Amino acid sequence: MKLLIVSGLSGSGKSIVLDTLEDSGYYCIDNLPISLLERFISDVMLVDDTTYKKTAIGIDARNQSESLLNFSDSLDAIRNKGIDCEVLFLQAEETVLLKRYSETRRKHPLTDSNVPLKEALGIERDMLKAVLKHANVVFDTSRTHLYQLRELVKSQIEKKDEKYLSLQFQSFGFKHGIPLDADFVFDARCLPNPYWDPGLRGFTGKDEPIINFLNKSESAQDFFQDLCAFLERWVPRFEADSRSYLTVAIGCTGGQHRSVYLVESLVKHFKDHALNVIIRHRELH
């Protein structure tokens, strides 16, 4: 039986994740008190292992602080009952969360007449540290829109049932910030930049003119080969350590050319391995 605990900051996309999981065949429950988790496992999931074969439960700062502090003990108790339990955590930058709340006019669960929104966000981060500590996968949704988040959930969670390690390659632009959910970050800004060729500027690393340009670059090919050698050596170590997800982020200046080219090349290379290979181009919409 599979239990996925979905947690994270208010406004980071937990409801979208739960909706996506429900569409994918999960039985979903939002805001279940942590104090009831063990009883739910014993009295519900283990009694009806057909209906609750795949279950997702949303847990957030609406829980009592004491329950959140004891999250580690609750997680151990669940796994001791033979449940395959993983934790998915969502977060976003404070400025992004403030903007989302201002646009939707929703009320943060920790705000009141004495606690403004910005202070509530800080309190919430502290409250959820105990959950974040046990997260198997972390999504930073600061620059992820609705449909991208849905695809991330489907690719990383659904494919988990087929093979063990999910390896995500992500391109990004340094001028838009480093992905906070990456395990490895590599900087490709030292490579020749097609942007400075006016005839290539309008293309991306997925287009043939950019591919041909970087295929002819000795430094780009050396960079790619070194990346392959590094990952071929160390990814199996993470897999042997029972890691479920690994994110490798490749960055260039704008996230349009060099990083996209390298990610596309890495995906082709590692598709032949016994891995769930996932691709994401953060700056390409």
# chains A, B, ... in the order shown; residues from 1 in each chain; ligands from 1

$ closest_atom_pairs --of "stretch 111-159 of chain A" --to "stretch 37-61 of chain A" --cutoff "12 Å" --atoms "only C-alpha atoms" --output "JSON lines"
{"residue": "A:Thr111", "atom": "CA", "partner": "A:Ala61", "partner_atom": "CA", "distance": 11.5}
{"residue": "A:Ala120", "atom": "CA", "partner": "A:Ala61", "partner_atom": "CA", "distance": 10.2}
{"residue": "A:Leu121", "atom": "CA", "partner": "A:Ala61", "partner_atom": "CA", "distance": 10.1}
{"residue": "A:Gly122", "atom": "CA", "partner": "A:Ala61", "partner_atom": "CA", "distance": 11.4}
{"residue": "A:Ile123", "atom": "CA", "partner": "A:Ala61", "partner_atom": "CA", "distance": 9.1}
{"residue": "A:Glu124", "atom": "CA", "partner": "A:Ala61", "partner_atom": "CA", "distance": 6.1}
{"residue": "A:Arg125", "atom": "CA", "partner": "A:Ala61", "partner_atom": "CA", "distance": 8.7}
{"residue": "A:Asp126", "atom": "CA", "partner": "A:Ala61", "partner_atom": "CA", "distance": 9.6}
{"residue": "A:Met127", "atom": "CA", "partner": "A:Ala61", "partner_atom": "CA", "distance": 6.6}
{"residue": "A:Leu128", "atom": "CA", "partner": "A:Ala61", "partner_atom": "CA", "distance": 6.7}
{"residue": "A:Lys129", "atom": "CA", "partner": "A:Ala61", "partner_atom": "CA", "distance": 10.5}
{"residue": "A:Ala130", "atom": "CA", "partner": "A:Asp60", "partner_atom": "CA", "distance": 11.1}
{"residue": "A:Val131", "atom": "CA", "partner": "A:Asp60", "partner_atom": "CA", "distance": 8.9}
{"residue": "A:Leu132", "atom": "CA", "partner": "A:Asp60", "partner_atom": "CA", "distance": 10.8}
{"residue": "A:Ile157", "atom": "CA", "partner": "A:Ala56", "partner_atom": "CA", "distance": 11.2}
{"residue": "A:Glu158", "atom": "CA", "partner": "A:Lys54", "partner_atom": "CA", "distance": 10.9}

$ write_last_selection --atoms "C-alpha atoms" --output "short mmCIF file (atom, residue, chain, number, x, y, z; two decimals), in the first residue's frame"
data_model
loop_
_atom_site.label_atom_id
_atom_site.label_comp_id
_atom_site.auth_asym_id
_atom_site.auth_seq_id
_atom_site.Cartn_x
_atom_site.Cartn_y
_atom_site.Cartn_z
CA THR A 111 -3.09 35.40 9.90
CA ALA A 120 2.50 34.41 9.21
CA LEU A 121 4.65 33.07 6.37
CA GLY A 122 7.70 33.09 8.62
CA ILE A 123 5.84 31.32 11.42
CA GLU A 124 4.59 28.72 8.97
CA ARG A 125 8.11 27.96 7.67
CA ASP A 126 9.29 27.34 11.22
CA MET A 127 6.30 25.14 12.02
CA LEU A 128 6.85 22.93 8.98
CA LYS A 129 10.60 22.40 9.41
CA ALA A 130 9.93 19.04 11.06
CA VAL A 131 8.01 17.91 7.96
CA LEU A 132 10.49 19.33 5.45
CA ILE A 157 4.90 10.38 -8.81
CA GLU A 158 3.16 8.18 -11.37
#

$ residues_around --residues "A:Arg189" --least-positions-apart "4" --cutoff "12 Å" --atoms "only C-alpha atoms" --output "list in words"
Phe172, Gly173, Phe174, Lys175, Asn193, Pro194, Tyr195, Ser219, Ala220, Phe223, Ile250, Gly251, Cys252, Thr253, Gly254, Gly255, Gln256, His257, Arg258, Ser259 and Leu262 of chain A

$ select_by_dssp --residues "stretch 88-143 of chain A" --states "helix (DSSP H, G or I)" --output "mmCIF file with C-alpha atoms, in the first residue's frame"
data_model
loop_
_atom_site.group_PDB
_atom_site.id
_atom_site.type_symbol
_atom_site.label_atom_id
_atom_site.label_comp_id
_atom_site.auth_asym_id
_atom_site.auth_seq_id
_atom_site.Cartn_x
_atom_site.Cartn_y
_atom_site.Cartn_z
ATOM 1 C CA GLU A 94 8.314 34.722 0.131
ATOM 2 C CA THR A 95 7.860 37.465 -2.486
ATOM 3 C CA VAL A 96 6.013 34.991 -4.732
ATOM 4 C CA LEU A 97 3.702 33.846 -1.928
ATOM 5 C CA LEU A 98 2.927 37.454 -0.985
ATOM 6 C CA LYS A 99 2.050 38.223 -4.599
ATOM 7 C CA ARG A 100 -0.176 35.142 -4.901
ATOM 8 C CA TYR A 101 -2.131 36.068 -1.794
ATOM 9 C CA SER A 102 -2.540 39.658 -2.965
ATOM 10 C CA GLU A 103 -3.916 38.447 -6.305
ATOM 11 C CA THR A 104 -6.317 35.818 -4.958
ATOM 12 C CA LEU A 117 0.725 37.962 6.221
ATOM 13 C CA LYS A 118 4.516 38.317 6.031
ATOM 14 C CA GLU A 119 4.903 37.334 9.678
ATOM 15 C CA ALA A 120 2.503 34.415 9.214
ATOM 16 C CA LEU A 121 4.648 33.065 6.371
ATOM 17 C CA GLY A 122 7.698 33.090 8.624
ATOM 18 C CA ILE A 123 5.840 31.322 11.424
ATOM 19 C CA GLU A 124 4.592 28.723 8.970
ATOM 20 C CA ARG A 125 8.112 27.964 7.670
ATOM 21 C CA ASP A 126 9.288 27.341 11.222
ATOM 22 C CA MET A 127 6.299 25.140 12.025
ATOM 23 C CA LYS A 129 10.597 22.397 9.412
ATOM 24 C CA ALA A 130 9.930 19.038 11.061
ATOM 25 C CA VAL A 131 8.006 17.905 7.964
ATOM 26 C CA LEU A 132 10.487 19.331 5.454
#

$ residues_around --residues "A:Arg150" --least-positions-apart "6" --cutoff "10 Å" --atoms "only C-alpha atoms" --output "ChimeraX atom specification"
/A:13,16-21,144

$ write_last_selection --atoms "N, CA and C atoms" --output "PDB file, in the first residue's frame"
ATOM      1  N   GLY A  13       0.862  25.454  -3.719  1.00  0.00           N
ATOM      2  CA  GLY A  13       0.267  24.558  -4.705  1.00  0.00           C
ATOM      3  C   GLY A  13      -0.174  23.208  -4.182  1.00  0.00           C
ATOM      4  N   ILE A  16      -3.423  21.920  -5.755  1.00  0.00           N
ATOM      5  CA  ILE A  16      -3.232  21.484  -7.138  1.00  0.00           C
ATOM      6  C   ILE A  16      -2.642  20.077  -7.164  1.00  0.00           C
ATOM      7  N   VAL A  17      -1.680  19.817  -6.289  1.00  0.00           N
ATOM      8  CA  VAL A  17      -1.057  18.490  -6.224  1.00  0.00           C
ATOM      9  C   VAL A  17      -2.077  17.437  -5.831  1.00  0.00           C
ATOM     10  N   LEU A  18      -2.877  17.717  -4.820  1.00  0.00           N
ATOM     11  CA  LEU A  18      -3.882  16.752  -4.372  1.00  0.00           C
ATOM     12  C   LEU A  18      -4.921  16.496  -5.465  1.00  0.00           C
ATOM     13  N   ASP A  19      -5.335  17.550  -6.163  1.00  0.00           N
ATOM     14  CA  ASP A  19      -6.295  17.381  -7.267  1.00  0.00           C
ATOM     15  C   ASP A  19      -5.700  16.510  -8.369  1.00  0.00           C
ATOM     16  N   THR A  20      -4.420  16.724  -8.668  1.00  0.00           N
ATOM     17  CA  THR A  20      -3.757  15.944  -9.708  1.00  0.00           C
ATOM     18  C   THR A  20      -3.635  14.484  -9.301  1.00  0.00           C
ATOM     19  N   LEU A  21      -3.297  14.249  -8.048  1.00  0.00           N
ATOM     20  CA  LEU A  21      -3.189  12.877  -7.545  1.00  0.00           C
ATOM     21  C   LEU A  21      -4.543  12.180  -7.557  1.00  0.00           C
ATOM     22  N   THR A 144       6.706  28.174 -11.308  1.00  0.00           N
ATOM     23  CA  THR A 144       5.970  27.064 -11.912  1.00  0.00           C
ATOM     24  C   THR A 144       4.488  27.400 -11.961  1.00  0.00           C
TER      25      THR A 144
END

$ select_by_dssp --residues "stretch 59-99 of chain A" --states "strand (DSSP E or B)" --output "PyMOL selection string"
chain A and resi 84-91

$ write_last_selection --atoms "C-alpha atoms" --output "PDB file, in the first residue's frame"
ATOM      1  CA  ASP A  84       5.173   2.559   1.841  1.00  0.00           C
ATOM      2  CA  CYS A  85       5.084   6.204   2.927  1.00  0.00           C
ATOM      3  CA  GLU A  86       6.731   9.180   1.229  1.00  0.00           C
ATOM      4  CA  VAL A  87       6.601  12.915   1.887  1.00  0.00           C
ATOM      5  CA  LEU A  88       6.224  15.523  -0.860  1.00  0.00           C
ATOM      6  CA  PHE A  89       6.908  19.112   0.242  1.00  0.00           C
ATOM      7  CA  LEU A  90       6.081  22.293  -1.683  1.00  0.00           C
ATOM      8  CA  GLN A  91       7.660  25.672  -1.118  1.00  0.00           C
TER       9      GLN A  91
END

$ decode --residues "stretch 106-254 of chain A" --atoms "C-alpha atoms" --output "PDB file, in the first residue's frame"
ATOM      1  CA  ARG A 106      -7.305  34.400   0.102  1.00  0.00           C
ATOM      2  CA  LYS A 107      -6.660  34.435   3.834  1.00  0.00           C
ATOM      3  CA  HIS A 108      -3.553  32.719   5.125  1.00  0.00           C
ATOM      4  CA  PRO A 109      -4.521  30.172   7.836  1.00  0.00           C
ATOM      5  CA  LEU A 110      -2.156  31.744  10.394  1.00  0.00           C
ATOM      6  CA  THR A 111      -3.093  35.397   9.903  1.00  0.00           C
ATOM      7  CA  ASP A 112      -5.376  37.296  12.258  1.00  0.00           C
ATOM      8  CA  SER A 113      -5.807  40.839  13.515  1.00  0.00           C
ATOM      9  CA  ASN A 114      -2.419  40.656  15.272  1.00  0.00           C
ATOM     10  CA  VAL A 115      -0.419  38.600  12.753  1.00  0.00           C
ATOM     11  CA  PRO A 116       0.180  40.137   9.288  1.00  0.00           C
ATOM     12  CA  LEU A 117       0.725  37.962   6.221  1.00  0.00           C
ATOM     13  CA  LYS A 118       4.516  38.317   6.031  1.00  0.00           C
ATOM     14  CA  GLU A 119       4.903  37.334   9.678  1.00  0.00           C
ATOM     15  CA  ALA A 120       2.503  34.415   9.214  1.00  0.00           C
ATOM     16  CA  LEU A 121       4.648  33.065   6.371  1.00  0.00           C
ATOM     17  CA  GLY A 122       7.698  33.090   8.624  1.00  0.00           C
ATOM     18  CA  ILE A 123       5.840  31.322  11.424  1.00  0.00           C
ATOM     19  CA  GLU A 124       4.592  28.723   8.970  1.00  0.00           C
ATOM     20  CA  ARG A 125       8.112  27.964   7.670  1.00  0.00           C
ATOM     21  CA  ASP A 126       9.288  27.341  11.222  1.00  0.00           C
ATOM     22  CA  MET A 127       6.299  25.140  12.025  1.00  0.00           C
ATOM     23  CA  LEU A 128       6.849  22.928   8.984  1.00  0.00           C
ATOM     24  CA  LYS A 129      10.597  22.397   9.412  1.00  0.00           C
ATOM     25  CA  ALA A 130       9.930  19.038  11.061  1.00  0.00           C
ATOM     26  CA  VAL A 131       8.006  17.905   7.964  1.00  0.00           C
ATOM     27  CA  LEU A 132      10.487  19.331   5.454  1.00  0.00           C
ATOM     28  CA  LYS A 133      13.257  17.415   7.220  1.00  0.00           C
ATOM     29  CA  HIS A 134      11.648  14.124   6.148  1.00  0.00           C
ATOM     30  CA  ALA A 135      10.668  15.144   2.595  1.00  0.00           C
ATOM     31  CA  ASN A 136      11.545  12.632  -0.120  1.00  0.00           C
ATOM     32  CA  VAL A 137      11.011  15.239  -2.811  1.00  0.00           C
ATOM     33  CA  VAL A 138      10.750  19.027  -2.663  1.00  0.00           C
ATOM     34  CA  PHE A 139       9.087  21.156  -5.339  1.00  0.00           C
ATOM     35  CA  ASP A 140       9.878  24.858  -5.515  1.00  0.00           C
ATOM     36  CA  THR A 141       6.915  26.401  -7.320  1.00  0.00           C
ATOM     37  CA  SER A 142       8.137  30.018  -7.401  1.00  0.00           C
ATOM     38  CA  ARG A 143       8.341  29.942 -11.209  1.00  0.00           C
ATOM     39  CA  THR A 144       5.970  27.064 -11.912  1.00  0.00           C
ATOM     40  CA  HIS A 145       2.483  27.665 -13.243  1.00  0.00           C
ATOM     41  CA  LEU A 146      -0.553  25.413 -12.790  1.00  0.00           C
ATOM     42  CA  TYR A 147       0.003  23.145 -15.785  1.00  0.00           C
ATOM     43  CA  GLN A 148       3.742  22.749 -15.167  1.00  0.00           C
ATOM     44  CA  LEU A 149       3.066  21.674 -11.587  1.00  0.00           C
ATOM     45  CA  ARG A 150       0.513  19.118 -12.738  1.00  0.00           C
ATOM     46  CA  GLU A 151       3.011  17.646 -15.195  1.00  0.00           C
ATOM     47  CA  LEU A 152       5.741  17.558 -12.531  1.00  0.00           C
ATOM     48  CA  VAL A 153       3.485  15.601 -10.203  1.00  0.00           C
ATOM     49  CA  LYS A 154       2.429  13.159 -12.907  1.00  0.00           C
ATOM     50  CA  SER A 155       5.970  12.556 -14.148  1.00  0.00           C
ATOM     51  CA  GLN A 156       7.622  12.175 -10.747  1.00  0.00           C
ATOM     52  CA  ILE A 157       4.904  10.383  -8.813  1.00  0.00           C
ATOM     53  CA  GLU A 158       3.160   8.181 -11.375  1.00  0.00           C
ATOM     54  CA  LYS A 159       6.374   6.887 -12.930  1.00  0.00           C
ATOM     55  CA  LYS A 160       7.644   5.983  -9.451  1.00  0.00           C
ATOM     56  CA  ASP A 161       5.433   2.879  -9.668  1.00  0.00           C
ATOM     57  CA  GLU A 162       7.408   1.587 -12.655  1.00  0.00           C
ATOM     58  CA  LYS A 163      11.047   2.047 -11.653  1.00  0.00           C
ATOM     59  CA  TYR A 164      12.753   3.168  -8.512  1.00  0.00           C
ATOM     60  CA  LEU A 165      14.847   6.300  -9.046  1.00  0.00           C
ATOM     61  CA  SER A 166      13.356   9.285 -10.865  1.00  0.00           C
ATOM     62  CA  LEU A 167      16.123  11.417 -12.389  1.00  0.00           C
ATOM     63  CA  GLN A 168      15.012  14.902 -13.406  1.00  0.00           C
ATOM     64  CA  PHE A 169      17.087  17.134 -15.676  1.00  0.00           C
ATOM     65  CA  GLN A 170      16.152  20.806 -15.496  1.00  0.00           C
ATOM     66  CA  SER A 171      17.419  23.792 -17.452  1.00  0.00           C
ATOM     67  CA  PHE A 172      17.224  27.282 -15.970  1.00  0.00           C
ATOM     68  CA  GLY A 173      18.569  30.821 -16.298  1.00  0.00           C
ATOM     69  CA  PHE A 174      20.809  32.188 -13.558  1.00  0.00           C
ATOM     70  CA  LYS A 175      19.341  35.658 -14.024  1.00  0.00           C
ATOM     71  CA  HIS A 176      16.001  34.233 -12.839  1.00  0.00           C
ATOM     72  CA  GLY A 177      17.457  32.536  -9.764  1.00  0.00           C
ATOM     73  CA  ILE A 178      18.846  29.094  -8.896  1.00  0.00           C
ATOM     74  CA  PRO A 179      16.245  26.298  -8.449  1.00  0.00           C
ATOM     75  CA  LEU A 180      15.869  25.644  -4.733  1.00  0.00           C
ATOM     76  CA  ASP A 181      14.806  22.028  -5.239  1.00  0.00           C
ATOM     77  CA  ALA A 182      17.891  20.887  -7.181  1.00  0.00           C
ATOM     78  CA  ASP A 183      20.303  18.267  -5.819  1.00  0.00           C
ATOM     79  CA  PHE A 184      23.083  19.185  -8.283  1.00  0.00           C
ATOM     80  CA  VAL A 185      23.559  22.563  -9.996  1.00  0.00           C
ATOM     81  CA  PHE A 186      25.985  22.945 -12.917  1.00  0.00           C
ATOM     82  CA  ASP A 187      26.966  26.265 -14.486  1.00  0.00           C
ATOM     83  CA  ALA A 188      27.199  26.275 -18.306  1.00  0.00           C
ATOM     84  CA  ARG A 189      27.814  30.021 -18.672  1.00  0.00           C
ATOM     85  CA  CYS A 190      31.475  29.328 -19.551  1.00  0.00           C
ATOM     86  CA  LEU A 191      30.415  27.795 -22.885  1.00  0.00           C
ATOM     87  CA  PRO A 192      30.104  29.736 -26.171  1.00  0.00           C
ATOM     88  CA  ASN A 193      26.844  31.675 -26.122  1.00  0.00           C
ATOM     89  CA  PRO A 194      24.643  31.465 -29.269  1.00  0.00           C
ATOM     90  CA  TYR A 195      22.790  34.553 -28.022  1.00  0.00           C
ATOM     91  CA  TRP A 196      25.531  36.805 -29.377  1.00  0.00           C
ATOM     92  CA  ASP A 197      24.889  35.579 -32.913  1.00  0.00           C
ATOM     93  CA  PRO A 198      21.866  37.619 -34.124  1.00  0.00           C
ATOM     94  CA  GLY A 199      20.912  34.798 -36.468  1.00  0.00           C
ATOM     95  CA  LEU A 200      20.660  32.316 -33.581  1.00  0.00           C
ATOM     96  CA  ARG A 201      19.202  34.513 -30.863  1.00  0.00           C
ATOM     97  CA  GLY A 202      15.570  33.657 -31.582  1.00  0.00           C
ATOM     98  CA  PHE A 203      16.079  29.892 -31.354  1.00  0.00           C
ATOM     99  CA  THR A 204      16.312  27.672 -28.269  1.00  0.00           C
ATOM    100  CA  GLY A 205      18.519  24.729 -27.371  1.00  0.00           C
ATOM    101  CA  LYS A 206      15.861  22.409 -28.772  1.00  0.00           C
ATOM    102  CA  ASP A 207      16.242  23.858 -32.282  1.00  0.00           C
ATOM    103  CA  GLU A 208      18.606  22.496 -34.916  1.00  0.00           C
ATOM    104  CA  PRO A 209      20.624  25.733 -35.464  1.00  0.00           C
ATOM    105  CA  ILE A 210      21.575  25.858 -31.766  1.00  0.00           C
ATOM    106  CA  ILE A 211      22.245  22.106 -31.675  1.00  0.00           C
ATOM    107  CA  ASN A 212      24.580  22.391 -34.665  1.00  0.00           C
ATOM    108  CA  PHE A 213      26.320  25.427 -33.133  1.00  0.00           C
ATOM    109  CA  LEU A 214      27.044  23.651 -29.829  1.00  0.00           C
ATOM    110  CA  ASN A 215      27.811  20.303 -31.442  1.00  0.00           C
ATOM    111  CA  LYS A 216      30.740  22.047 -33.152  1.00  0.00           C
ATOM    112  CA  SER A 217      31.993  23.515 -29.863  1.00  0.00           C
ATOM    113  CA  GLU A 218      34.810  21.457 -28.348  1.00  0.00           C
ATOM    114  CA  SER A 219      34.259  22.977 -24.903  1.00  0.00           C
ATOM    115  CA  ALA A 220      30.513  22.189 -25.033  1.00  0.00           C
ATOM    116  CA  GLN A 221      31.252  18.571 -25.926  1.00  0.00           C
ATOM    117  CA  ASP A 222      33.856  18.289 -23.155  1.00  0.00           C
ATOM    118  CA  PHE A 223      31.377  19.771 -20.679  1.00  0.00           C
ATOM    119  CA  PHE A 224      28.710  17.266 -21.739  1.00  0.00           C
ATOM    120  CA  GLN A 225      31.053  14.282 -21.526  1.00  0.00           C
ATOM    121  CA  ASP A 226      32.269  15.329 -18.076  1.00  0.00           C
ATOM    122  CA  LEU A 227      28.661  15.639 -16.887  1.00  0.00           C
ATOM    123  CA  CYS A 228      27.855  12.160 -18.186  1.00  0.00           C
ATOM    124  CA  ALA A 229      30.906  10.661 -16.516  1.00  0.00           C
ATOM    125  CA  PHE A 230      30.123  12.343 -13.193  1.00  0.00           C
ATOM    126  CA  LEU A 231      26.461  11.291 -13.180  1.00  0.00           C
ATOM    127  CA  GLU A 232      27.161   7.747 -14.370  1.00  0.00           C
ATOM    128  CA  ARG A 233      29.483   7.344 -11.408  1.00  0.00           C
ATOM    129  CA  TRP A 234      27.370   8.964  -8.692  1.00  0.00           C
ATOM    130  CA  VAL A 235      23.700   8.409  -9.623  1.00  0.00           C
ATOM    131  CA  PRO A 236      23.972   4.664  -8.821  1.00  0.00           C
ATOM    132  CA  ARG A 237      25.292   5.616  -5.369  1.00  0.00           C
ATOM    133  CA  PHE A 238      22.153   7.650  -4.707  1.00  0.00           C
ATOM    134  CA  GLU A 239      20.000   4.831  -6.035  1.00  0.00           C
ATOM    135  CA  ALA A 240      21.773   2.349  -3.742  1.00  0.00           C
ATOM    136  CA  ASP A 241      21.044   4.707  -0.854  1.00  0.00           C
ATOM    137  CA  SER A 242      17.287   4.260  -1.553  1.00  0.00           C
ATOM    138  CA  ARG A 243      16.805   7.728  -2.977  1.00  0.00           C
ATOM    139  CA  SER A 244      13.550   8.055  -4.915  1.00  0.00           C
ATOM    140  CA  TYR A 245      14.235  11.352  -6.704  1.00  0.00           C
ATOM    141  CA  LEU A 246      17.283  13.234  -7.924  1.00  0.00           C
ATOM    142  CA  THR A 247      17.212  16.597  -9.688  1.00  0.00           C
ATOM    143  CA  VAL A 248      20.118  17.813 -11.815  1.00  0.00           C
ATOM    144  CA  ALA A 249      19.877  21.470 -12.821  1.00  0.00           C
ATOM    145  CA  ILE A 250      21.922  22.982 -15.655  1.00  0.00           C
ATOM    146  CA  GLY A 251      22.026  26.763 -15.841  1.00  0.00           C
ATOM    147  CA  CYS A 252      23.121  29.356 -18.360  1.00  0.00           C
ATOM    148  CA  THR A 253      22.442  33.085 -18.414  1.00  0.00           C
ATOM    149  CA  GLY A 254      18.846  33.149 -19.664  1.00  0.00           C
TER     150      GLY A 254
END
